[in-house]
file entry06.txt (compact mmCIF, C-alpha atoms and all ligand atoms)
# COMPACT_ATOMS: atom_id res chain seq x y z
CA MET A 1 127.46 -63.33 -122.96
CA ARG A 2 124.31 -65.31 -122.30
CA ASP A 3 121.80 -64.09 -124.82
CA SER A 4 118.63 -65.84 -123.66
CA LEU A 5 115.36 -64.16 -124.65
CA GLU A 6 117.03 -60.81 -124.10
CA ASN A 7 115.76 -59.05 -120.99
CA GLU A 8 112.60 -61.12 -120.96
CA ILE A 9 111.64 -62.88 -117.77
CA PRO A 10 110.05 -66.23 -118.61
CA TYR A 11 106.84 -67.19 -116.88
CA ILE A 12 104.57 -70.16 -116.34
CA LYS A 13 101.02 -69.92 -115.04
CA PHE A 14 98.64 -72.78 -114.20
CA LYS A 15 94.98 -71.97 -113.66
CA ASP A 16 92.72 -74.74 -112.28
CA VAL A 17 94.66 -77.41 -114.16
CA SER A 18 93.57 -81.04 -113.87
CA PHE A 19 94.97 -83.98 -115.75
CA SER A 20 94.30 -87.72 -115.83
CA TYR A 21 96.02 -90.32 -118.01
CA PRO A 22 93.79 -92.01 -120.60
CA GLY A 23 91.68 -94.77 -119.12
CA LYS A 24 92.23 -93.60 -115.53
CA LYS A 25 89.31 -92.31 -113.50
CA GLU A 26 91.37 -90.47 -110.92
CA ASN A 27 93.09 -87.21 -111.70
CA CYS A 28 96.87 -87.36 -111.50
CA ILE A 29 97.09 -83.55 -111.22
CA VAL A 30 94.20 -82.00 -109.34
CA ASN A 31 93.02 -78.42 -109.70
CA CYS A 32 96.54 -77.06 -109.81
CA ASN A 33 97.15 -73.33 -109.47
CA PHE A 34 100.59 -71.76 -109.39
CA SER A 35 102.73 -69.28 -111.16
CA ILE A 36 106.42 -68.71 -111.62
CA ASN A 37 107.03 -65.23 -112.88
CA LYS A 38 110.36 -64.38 -111.32
CA THR A 39 113.81 -65.74 -112.00
CA GLY A 40 115.21 -67.97 -109.27
CA PHE A 41 115.48 -71.48 -107.93
CA TRP A 42 112.05 -73.09 -107.52
CA MET A 43 111.63 -76.59 -106.13
CA VAL A 44 108.74 -79.02 -106.04
CA VAL A 45 109.09 -81.91 -103.62
CA GLY A 46 106.95 -85.03 -103.62
CA LYS A 47 106.96 -88.76 -103.04
CA ASN A 48 107.15 -91.42 -105.78
CA GLY A 49 104.01 -91.36 -107.89
CA SER A 50 102.80 -87.99 -106.57
CA GLY A 51 102.69 -86.55 -110.11
CA LYS A 52 105.99 -84.64 -110.31
CA SER A 53 107.04 -85.81 -113.78
CA THR A 54 103.46 -85.38 -115.00
CA LEU A 55 103.57 -81.76 -113.84
CA LEU A 56 106.73 -81.20 -115.89
CA LYS A 57 105.14 -82.83 -118.95
CA LEU A 58 102.24 -80.40 -118.62
CA ILE A 59 104.65 -77.46 -118.36
CA ASN A 60 106.65 -78.40 -121.43
CA GLY A 61 103.51 -79.20 -123.42
CA LEU A 62 104.05 -82.94 -123.89
CA ILE A 63 100.56 -83.53 -122.49
CA LYS A 64 97.51 -81.26 -122.34
CA PRO A 65 95.22 -80.74 -119.36
CA GLN A 66 91.60 -81.90 -119.51
CA ASN A 67 90.57 -78.90 -117.44
CA GLY A 68 91.97 -75.46 -116.78
CA PHE A 69 94.62 -73.65 -118.76
CA ILE A 70 98.36 -73.15 -118.88
CA ASP A 71 99.84 -69.86 -119.94
CA SER A 72 103.58 -69.74 -120.44
CA LYS A 73 106.31 -67.94 -122.22
CA ALA A 74 109.59 -69.68 -121.64
CA ASN A 75 112.40 -71.19 -123.60
CA ILE A 76 112.50 -74.50 -121.77
CA GLY A 77 115.56 -76.70 -121.29
CA MET A 78 115.12 -80.16 -119.78
CA VAL A 79 117.48 -82.04 -117.49
CA PHE A 80 116.44 -85.60 -116.69
CA GLN A 81 117.39 -88.01 -113.94
CA ASN A 82 119.72 -90.05 -116.13
CA PRO A 83 122.08 -87.98 -118.31
CA ASP A 84 122.85 -91.09 -120.40
CA HIS A 85 119.31 -90.83 -121.74
CA GLN A 86 119.91 -87.39 -123.19
CA ILE A 87 123.59 -87.14 -124.16
CA LEU A 88 123.99 -88.22 -127.78
CA MET A 89 127.55 -87.42 -128.84
CA PRO A 90 130.94 -88.95 -127.93
CA ASN A 91 132.62 -85.91 -126.39
CA CYS A 92 131.77 -82.68 -124.60
CA ARG A 93 132.51 -80.39 -127.55
CA SER A 94 130.42 -82.35 -130.05
CA GLU A 95 127.53 -82.60 -127.58
CA LEU A 96 127.63 -78.84 -127.07
CA LEU A 97 127.92 -78.23 -130.80
CA ILE A 98 124.67 -80.05 -131.60
CA ASN A 99 122.92 -77.85 -129.08
CA ILE A 100 123.94 -74.57 -130.68
CA ASN A 101 120.86 -73.37 -132.50
CA GLN A 102 122.34 -70.22 -134.02
CA ASP A 103 124.28 -69.49 -137.13
CA ILE A 104 127.46 -68.10 -135.60
CA SER A 105 131.12 -68.00 -136.52
CA GLN A 106 133.69 -70.58 -135.43
CA LYS A 107 135.24 -67.98 -133.16
CA GLU A 108 131.92 -67.27 -131.45
CA ILE A 109 131.24 -71.01 -131.12
CA ASN A 110 134.57 -71.53 -129.36
CA LYS A 111 133.89 -68.59 -127.06
CA LYS A 112 130.44 -69.93 -126.18
CA ILE A 113 131.72 -73.43 -125.50
CA GLU A 114 134.38 -72.06 -123.19
CA TYR A 115 131.83 -69.84 -121.46
CA VAL A 116 129.19 -72.50 -120.77
CA LEU A 117 131.76 -75.06 -119.59
CA ASP A 118 133.07 -72.44 -117.19
CA GLN A 119 129.52 -71.73 -115.96
CA VAL A 120 129.06 -75.37 -114.95
CA GLY A 121 132.53 -75.73 -113.41
CA MET A 122 133.96 -77.81 -116.27
CA THR A 123 136.64 -75.55 -117.72
CA GLY A 124 139.05 -77.58 -119.86
CA PHE A 125 136.65 -80.49 -120.43
CA GLU A 126 135.99 -79.67 -124.08
CA LYS A 127 137.82 -82.66 -125.58
CA ARG A 128 136.81 -85.15 -122.90
CA PRO A 129 135.04 -88.29 -124.11
CA VAL A 130 131.62 -88.49 -122.46
CA HIS A 131 132.24 -92.05 -121.22
CA THR A 132 135.09 -90.76 -119.04
CA LEU A 133 132.85 -88.28 -117.17
CA SER A 134 131.40 -88.94 -113.73
CA GLY A 135 127.61 -88.90 -113.34
CA GLY A 136 127.73 -85.41 -111.87
CA GLN A 137 129.94 -84.12 -114.70
CA LYS A 138 127.54 -85.62 -117.25
CA GLN A 139 124.66 -83.90 -115.51
CA ARG A 140 126.54 -80.59 -115.59
CA LEU A 141 127.24 -81.15 -119.30
CA THR A 142 123.48 -81.42 -119.91
CA ILE A 143 123.09 -78.10 -118.06
CA ALA A 144 125.81 -76.58 -120.26
CA CYS A 145 123.89 -77.84 -123.33
CA ALA A 146 120.74 -76.08 -122.14
CA LEU A 147 122.80 -72.92 -121.58
CA ILE A 148 124.42 -73.00 -125.00
CA SER A 149 121.01 -73.31 -126.67
CA ASN A 150 119.89 -70.16 -124.85
CA ARG A 151 117.25 -71.77 -122.65
CA ASN A 152 116.00 -69.39 -120.00
CA PHE A 153 113.83 -71.80 -118.00
CA PHE A 154 115.28 -75.09 -116.81
CA LEU A 155 113.06 -77.99 -115.80
CA LEU A 156 115.08 -80.55 -113.84
CA ASP A 157 113.42 -83.86 -113.03
CA GLU A 158 115.26 -85.38 -110.06
CA PRO A 159 118.64 -84.56 -111.61
CA THR A 160 120.58 -85.83 -108.60
CA ALA A 161 118.74 -89.10 -107.99
CA LEU A 162 121.62 -91.19 -109.39
CA LEU A 163 124.47 -89.13 -107.92
CA ASP A 164 126.59 -89.46 -104.82
CA GLN A 165 126.55 -86.63 -102.31
CA THR A 166 129.59 -84.77 -103.70
CA SER A 167 128.16 -84.70 -107.22
CA GLN A 168 124.69 -83.88 -105.89
CA LEU A 169 126.04 -80.79 -104.15
CA LYS A 170 127.99 -79.67 -107.25
CA VAL A 171 124.90 -79.90 -109.45
CA LEU A 172 122.80 -78.08 -106.84
CA GLN A 173 125.42 -75.35 -106.55
CA THR A 174 125.64 -75.01 -110.34
CA ILE A 175 121.91 -74.31 -110.58
CA LYS A 176 122.06 -72.07 -107.51
CA ASN A 177 124.79 -69.97 -109.18
CA LEU A 178 122.93 -69.75 -112.49
CA THR A 179 119.67 -68.72 -110.84
CA SER A 180 121.28 -66.13 -108.60
CA ASP A 181 123.62 -64.58 -111.17
CA HIS A 182 123.02 -60.90 -110.50
CA LYS A 183 123.42 -59.82 -114.14
CA ASN A 184 121.36 -62.42 -115.97
CA PRO A 185 119.69 -64.91 -113.65
CA LEU A 186 117.88 -67.96 -114.98
CA SER A 187 114.69 -69.61 -113.81
CA ALA A 188 114.84 -73.23 -112.74
CA LEU A 189 112.14 -75.59 -111.53
CA TRP A 190 113.81 -78.51 -109.77
CA ILE A 191 111.83 -81.63 -108.93
CA THR A 192 113.02 -83.74 -106.04
CA HIS A 193 112.03 -86.22 -103.39
CA ARG A 194 115.10 -85.39 -101.33
CA TYR A 195 114.11 -82.99 -98.58
CA GLU A 196 117.72 -82.03 -97.84
CA GLU A 197 117.88 -80.25 -101.23
CA LEU A 198 115.15 -77.77 -100.35
CA ASN A 199 117.54 -75.43 -98.55
CA TYR A 200 119.04 -74.41 -101.88
CA ALA A 201 115.70 -73.17 -103.20
CA ASP A 202 114.26 -69.68 -103.19
CA ALA A 203 110.76 -71.17 -102.93
CA VAL A 204 109.38 -74.64 -102.29
CA ALA A 205 106.03 -76.31 -102.96
CA GLU A 206 104.90 -79.83 -102.15
CA LEU A 207 103.04 -82.11 -104.53
CA LYS A 208 100.94 -84.66 -102.71
CA ASN A 209 98.64 -87.06 -104.54
CA GLY A 210 98.32 -84.56 -107.37
CA PHE A 211 97.66 -81.54 -105.14
CA LEU A 212 100.28 -78.78 -105.21
CA SER A 213 100.73 -76.57 -102.14
CA GLY A 214 101.46 -72.85 -102.34
CA TRP A 215 105.05 -71.60 -102.55
CA GLN A 216 106.84 -71.40 -99.23
CA GLU A 217 110.22 -70.22 -98.05
CA PRO A 218 112.46 -73.25 -97.52
CA SER A 219 113.11 -72.28 -93.88
CA LYS A 220 109.35 -72.21 -93.22
CA PHE A 221 108.54 -75.31 -95.24
CA GLN A 222 106.21 -77.64 -93.36
CA TYR A 223 106.88 -81.34 -93.83
CA ASN A 224 103.66 -83.29 -94.15
N1 LIG B 1 101.86 -92.72 -119.31
C1 LIG B 1 101.14 -93.01 -118.22
N2 LIG B 1 99.96 -93.68 -118.30
C2 LIG B 1 99.23 -93.99 -117.21
N3 LIG B 1 99.58 -93.62 -115.97
C3 LIG B 1 100.74 -92.96 -115.80
C4 LIG B 1 101.59 -92.63 -116.93
N4 LIG B 1 102.67 -91.95 -116.47
C5 LIG B 1 102.52 -91.89 -115.14
N5 LIG B 1 101.37 -92.49 -114.73
C6 LIG B 1 100.86 -92.59 -113.35
O1 LIG B 1 100.66 -91.28 -112.86
C7 LIG B 1 101.04 -91.19 -111.48
C8 LIG B 1 102.09 -90.08 -111.33
O2 LIG B 1 103.25 -90.44 -112.05
P1 LIG B 1 104.53 -89.48 -112.17
O3 LIG B 1 105.51 -90.19 -113.02
O4 LIG B 1 104.08 -88.14 -112.55
O5 LIG B 1 105.00 -89.46 -110.64
P2 LIG B 1 106.38 -88.94 -110.02
O6 LIG B 1 106.01 -88.12 -108.82
O7 LIG B 1 107.21 -88.33 -111.05
O8 LIG B 1 107.03 -90.31 -109.51
P3 LIG B 1 108.60 -90.70 -109.33
O9 LIG B 1 109.07 -90.05 -108.05
O10 LIG B 1 108.59 -92.18 -109.20
O11 LIG B 1 109.36 -90.22 -110.54
C9 LIG B 1 101.55 -92.56 -111.10
O12 LIG B 1 100.51 -93.26 -110.46
C10 LIG B 1 101.90 -93.21 -112.43
O13 LIG B 1 101.73 -94.61 -112.41
MG MG B 2 109.09 -88.77 -111.86
call {"tool": "encode", "arguments": {"input": "entry06.txt", "output": "structure tokens"}}
result
Amino acid sequence: MRDSLENEIPYIKFKDVSFSYPGKKENCIVNCNFSINKTGFWMVVGKNGSGKSTLLKLINGLIKPQNGFIDSKANIGMVFQNPDHQILMPNCRSELLININQDISQKEINKKIEYVLDQVGMTGFEKRPVHTLSGGQKQRLTIACALISNRNFFLLDEPTALLDQTSQLKVLQTIKNLTSDHKNPLSALWITHRYEELNYADAVAELKNGFLSGWQEPSKFQYN
């Protein structure tokens, strides 16, 4: 059903990337090298101001590095901390509709809407006004929007920062399911400062003062 870049595995590769904001002497991202070339659940953990959101802006091309290069082939979908900043329409169906970027029949549209709502655990929510959704449901609606527009690489910038624990776990589990779907797994890069979330990841790296560590297994992750 999901027809993301058919059979193509998205990838992102950073080679010696450094970035500083205009007028700042110090680099915000320092000599960063990493690649993501497999589907799965990737997490970057770091404290406030460590450069996490800047790293995502480099990945999605909003800003360009002063040094090094970024090679990527990915159809990127963004999920931000506050879903109210990205949901535009009054109900779930209309929000999903504006994210469909294909010319398809009404029947196919209905099928897709049903499918993506099911994928995020929101079956039956189609007619629900957005203002009646909980924070976690809104966040899962933004994930459904990325799915319906055939994104194959999700960048999530602290998507659970405003959620209570129950909603946090539901959003984590939603991404876990999507990235471990045995038929058509997605890639997701999840940014967090919450160490308890790392157990859900397939691989974890730490961003500290602009320096990114290598990928580690969550069970072997060393807290610094
Ligand atoms: N547009 C900008 N211009 C100048 N400096 C910036 C800009 N955006 C971010 N910075 C600075 O870059 C550094 C890294 O910011 P960034 O937002 O990437 O951190 P973060 O790890 O995402 O933090 P948080 O956990 O608070 O979201 C900070 O010192 C911040 O003040
Ligand atoms: Mg940030």
call {"tool": "residues_near_ligand", "arguments": {"input": "entry06.txt", "ligand": "ligand MG 2 (chain B)", "cutoff": "12 Å", "atoms": "all atoms listed in the file", "output": "tab-separated table (two decimals) with C-alpha atoms, in the coordinates of the input"}}
result
chain	number	residue	atom	x	y	z
A	44	VAL	CA	108.74	-79.02	-106.04
A	45	VAL	CA	109.09	-81.91	-103.62
A	46	GLY	CA	106.95	-85.03	-103.62
A	47	LYS	CA	106.96	-88.76	-103.04
A	48	ASN	CA	107.15	-91.42	-105.78
A	49	GLY	CA	104.01	-91.36	-107.89
A	50	SER	CA	102.80	-87.99	-106.57
A	51	GLY	CA	102.69	-86.55	-110.11
A	52	LYS	CA	105.99	-84.64	-110.31
A	53	SER	CA	107.04	-85.81	-113.78
A	54	THR	CA	103.46	-85.38	-115.00
A	55	LEU	CA	103.57	-81.76	-113.84
A	56	LEU	CA	106.73	-81.20	-115.89
A	57	LYS	CA	105.14	-82.83	-118.95
A	80	PHE	CA	116.44	-85.60	-116.69
A	81	GLN	CA	117.39	-88.01	-113.94
A	82	ASN	CA	119.72	-90.05	-116.13
A	156	LEU	CA	115.08	-80.55	-113.84
A	157	ASP	CA	113.42	-83.86	-113.03
A	158	GLU	CA	115.26	-85.38	-110.06
A	159	PRO	CA	118.64	-84.56	-111.61
A	161	ALA	CA	118.74	-89.10	-107.99
A	190	TRP	CA	113.81	-78.51	-109.77
A	191	ILE	CA	111.83	-81.63	-108.93
A	192	THR	CA	113.02	-83.74	-106.04
A	193	HIS	CA	112.03	-86.22	-103.39
A	207	LEU	CA	103.04	-82.11	-104.53
call {"tool": "residues_around", "arguments": {"input": "entry06.txt", "residues": "Cys92 in chain A", "least_positions_apart": "5", "cutoff": "8 Å", "atoms": "only C-alpha atoms", "output": "VMD selection string"}}
result
chain A and resid 125 to 130 141
call {"tool": "residues_near_point", "arguments": {"input": "entry06.txt", "point": "(113.5, -68.4, -107.1)", "cutoff": "7 Å", "atoms": "only C-alpha atoms", "output": "PyMOL selection string"}}
result
chain A and resi 38-42+187+201-203
call {"tool": "closest_residue", "arguments": {"input": "entry06.txt", "among": "A:Leu172, A:Leu155, A:Leu178, A:Met89", "to": "Val116 in chain A", "atoms": "only C-alpha atoms"}}
result
A:Leu178
call {"tool": "atom_distance", "arguments": {"input": "entry06.txt", "atom1": "atom N3 of ligand LIG 1 (chain B)", "atom2": "CA of Thr142 in chain A"}}
result
27.1 Å
call {"tool": "closest_residue", "arguments": {"input": "entry06.txt", "among": "A:Asn75, A:Phe221, A:Gln119, A:Phe211", "to": "Asn27 in chain A", "atoms": "all atoms listed in the file"}}
result
A:Phe211
call {"tool": "residues_around", "arguments": {"input": "entry06.txt", "residues": "Ser134 in chain A", "least_positions_apart": "6", "cutoff": "10 Å", "atoms": "all atoms listed in the file", "output": "short mmCIF file (atom, residue, chain, number, x, y, z; two decimals) with C-alpha atoms, in the coordinates of the input"}}
result
data_model
loop_
_atom_site.label_atom_id
_atom_site.label_comp_id
_atom_site.auth_asym_id
_atom_site.auth_seq_id
_atom_site.Cartn_x
_atom_site.Cartn_y
_atom_site.Cartn_z
CA ARG A 140 126.54 -80.59 -115.59
CA LEU A 163 124.47 -89.13 -107.92
CA SER A 167 128.16 -84.70 -107.22
#
call {"tool": "closest_residue", "arguments": {"input": "entry06.txt", "among": "A:Ile29, A:Met43, A:Ile98, A:Ile109", "to": "Glu197 in chain A", "atoms": "only C-alpha atoms"}}
result
A:Met43
call {"tool": "axis_aligned_box", "arguments": {"input": "entry06.txt", "around": "range 27-31 of chain A", "padding_each_side": "6 Å", "output": "JSON"}}
result
{"center_x": 95.1, "center_y": -82.9, "center_z": -110.5, "size_x": 16.1, "size_y": 20.9, "size_z": 14.4}
call {"tool": "residues_around", "arguments": {"input": "entry06.txt", "residues": "range 214-218 of chain A", "least_positions_apart": "5", "cutoff": "8 Å", "atoms": "all atoms listed in the file", "output": "ChimeraX atom specification"}}
result
/A:34,198-206
call {"tool": "closest_residue", "arguments": {"input": "entry06.txt", "among": "A:Gln137, A:Thr132, A:Asn31, A:Thr123", "to": "Gln168 in chain A", "atoms": "only C-alpha atoms"}}
result
A:Gln137
call {"tool": "closest_residue", "arguments": {"input": "entry06.txt", "among": "A:Ile36, A:Leu169, A:Leu212, A:Ile9", "to": "ligand LIG 1 (chain B)", "atoms": "only C-alpha atoms and all ligand atoms"}}
result
A:Leu212
call {"tool": "closest_residue", "arguments": {"input": "entry06.txt", "among": "A:Cys145, A:Glu114, A:Asn209, A:Ala188", "to": "ligand LIG 1 (chain B)", "atoms": "only C-alpha atoms and all ligand atoms"}}
result
A:Asn209
call {"tool": "atom_distance", "arguments": {"input": "entry06.txt", "atom1": "CA of Lys64 in chain A", "atom2": "CA of Gln86 in chain A"}}
result
23.2 Å
call {"tool": "residues_around", "arguments": {"input": "entry06.txt", "residues": "Val17 in chain A", "least_positions_apart": "2", "cutoff": "10 Å", "atoms": "all atoms listed in the file", "output": "number ranges by chain"}}
result
A: 13-15, 19, 29-34, 55, 58, 64-70
call {"tool": "decode", "arguments": {"input": "entry06.txt", "residues": "range 35-55 of chain A", "atoms": "N, CA and C atoms", "output": "compact mmCIF listing (two decimals), in the first residue's frame"}}
result
# COMPACT_ATOMS: atom_id res chain seq x y z
N SER A 35 26.68 8.51 8.55
CA SER A 35 25.77 8.16 7.47
C SER A 35 24.64 7.30 8.01
N ILE A 36 23.51 7.44 7.32
CA ILE A 36 22.35 6.59 7.58
C ILE A 36 21.99 6.00 6.23
N ASN A 37 22.24 4.74 6.07
CA ASN A 37 21.98 4.14 4.77
C ASN A 37 21.17 2.86 4.88
N LYS A 38 20.58 2.69 6.08
CA LYS A 38 19.69 1.55 6.28
C LYS A 38 18.38 2.06 6.85
N THR A 39 17.30 1.36 6.58
CA THR A 39 16.04 1.74 7.22
C THR A 39 16.18 1.44 8.72
N GLY A 40 15.32 2.04 9.51
CA GLY A 40 15.36 1.78 10.95
C GLY A 40 15.14 3.03 11.76
N PHE A 41 15.26 2.85 13.06
CA PHE A 41 14.96 3.91 14.03
C PHE A 41 16.29 4.44 14.58
N TRP A 42 16.67 5.63 14.12
CA TRP A 42 17.94 6.25 14.52
C TRP A 42 17.64 7.39 15.47
N MET A 43 18.42 7.49 16.54
CA MET A 43 18.18 8.60 17.48
C MET A 43 19.46 9.37 17.74
N VAL A 44 19.29 10.70 17.83
CA VAL A 44 20.39 11.56 18.28
C VAL A 44 19.94 12.23 19.56
N VAL A 45 20.76 12.07 20.60
CA VAL A 45 20.43 12.66 21.90
C VAL A 45 21.40 13.79 22.19
N GLY A 46 20.91 14.84 22.82
CA GLY A 46 21.79 15.95 23.17
C GLY A 46 21.08 16.96 24.02
N LYS A 47 21.87 17.72 24.78
CA LYS A 47 21.29 18.71 25.69
C LYS A 47 20.79 19.93 24.93
N ASN A 48 20.06 20.80 25.61
CA ASN A 48 19.61 22.07 25.00
C ASN A 48 20.81 22.82 24.42
N GLY A 49 20.65 23.29 23.20
CA GLY A 49 21.70 24.11 22.59
C GLY A 49 22.87 23.33 22.03
N SER A 50 22.77 21.99 22.02
CA SER A 50 23.91 21.20 21.54
C SER A 50 23.99 21.17 20.01
N GLY A 51 22.93 21.65 19.34
CA GLY A 51 22.97 21.71 17.87
C GLY A 51 22.05 20.72 17.18
N LYS A 52 21.11 20.13 17.93
CA LYS A 52 20.25 19.08 17.36
C LYS A 52 19.37 19.62 16.22
N SER A 53 18.67 20.72 16.49
CA SER A 53 17.78 21.26 15.44
C SER A 53 18.60 21.76 14.26
N THR A 54 19.79 22.29 14.53
CA THR A 54 20.67 22.75 13.45
C THR A 54 21.06 21.57 12.56
N LEU A 55 21.33 20.43 13.18
CA LEU A 55 21.68 19.23 12.41
C LEU A 55 20.52 18.86 11.47
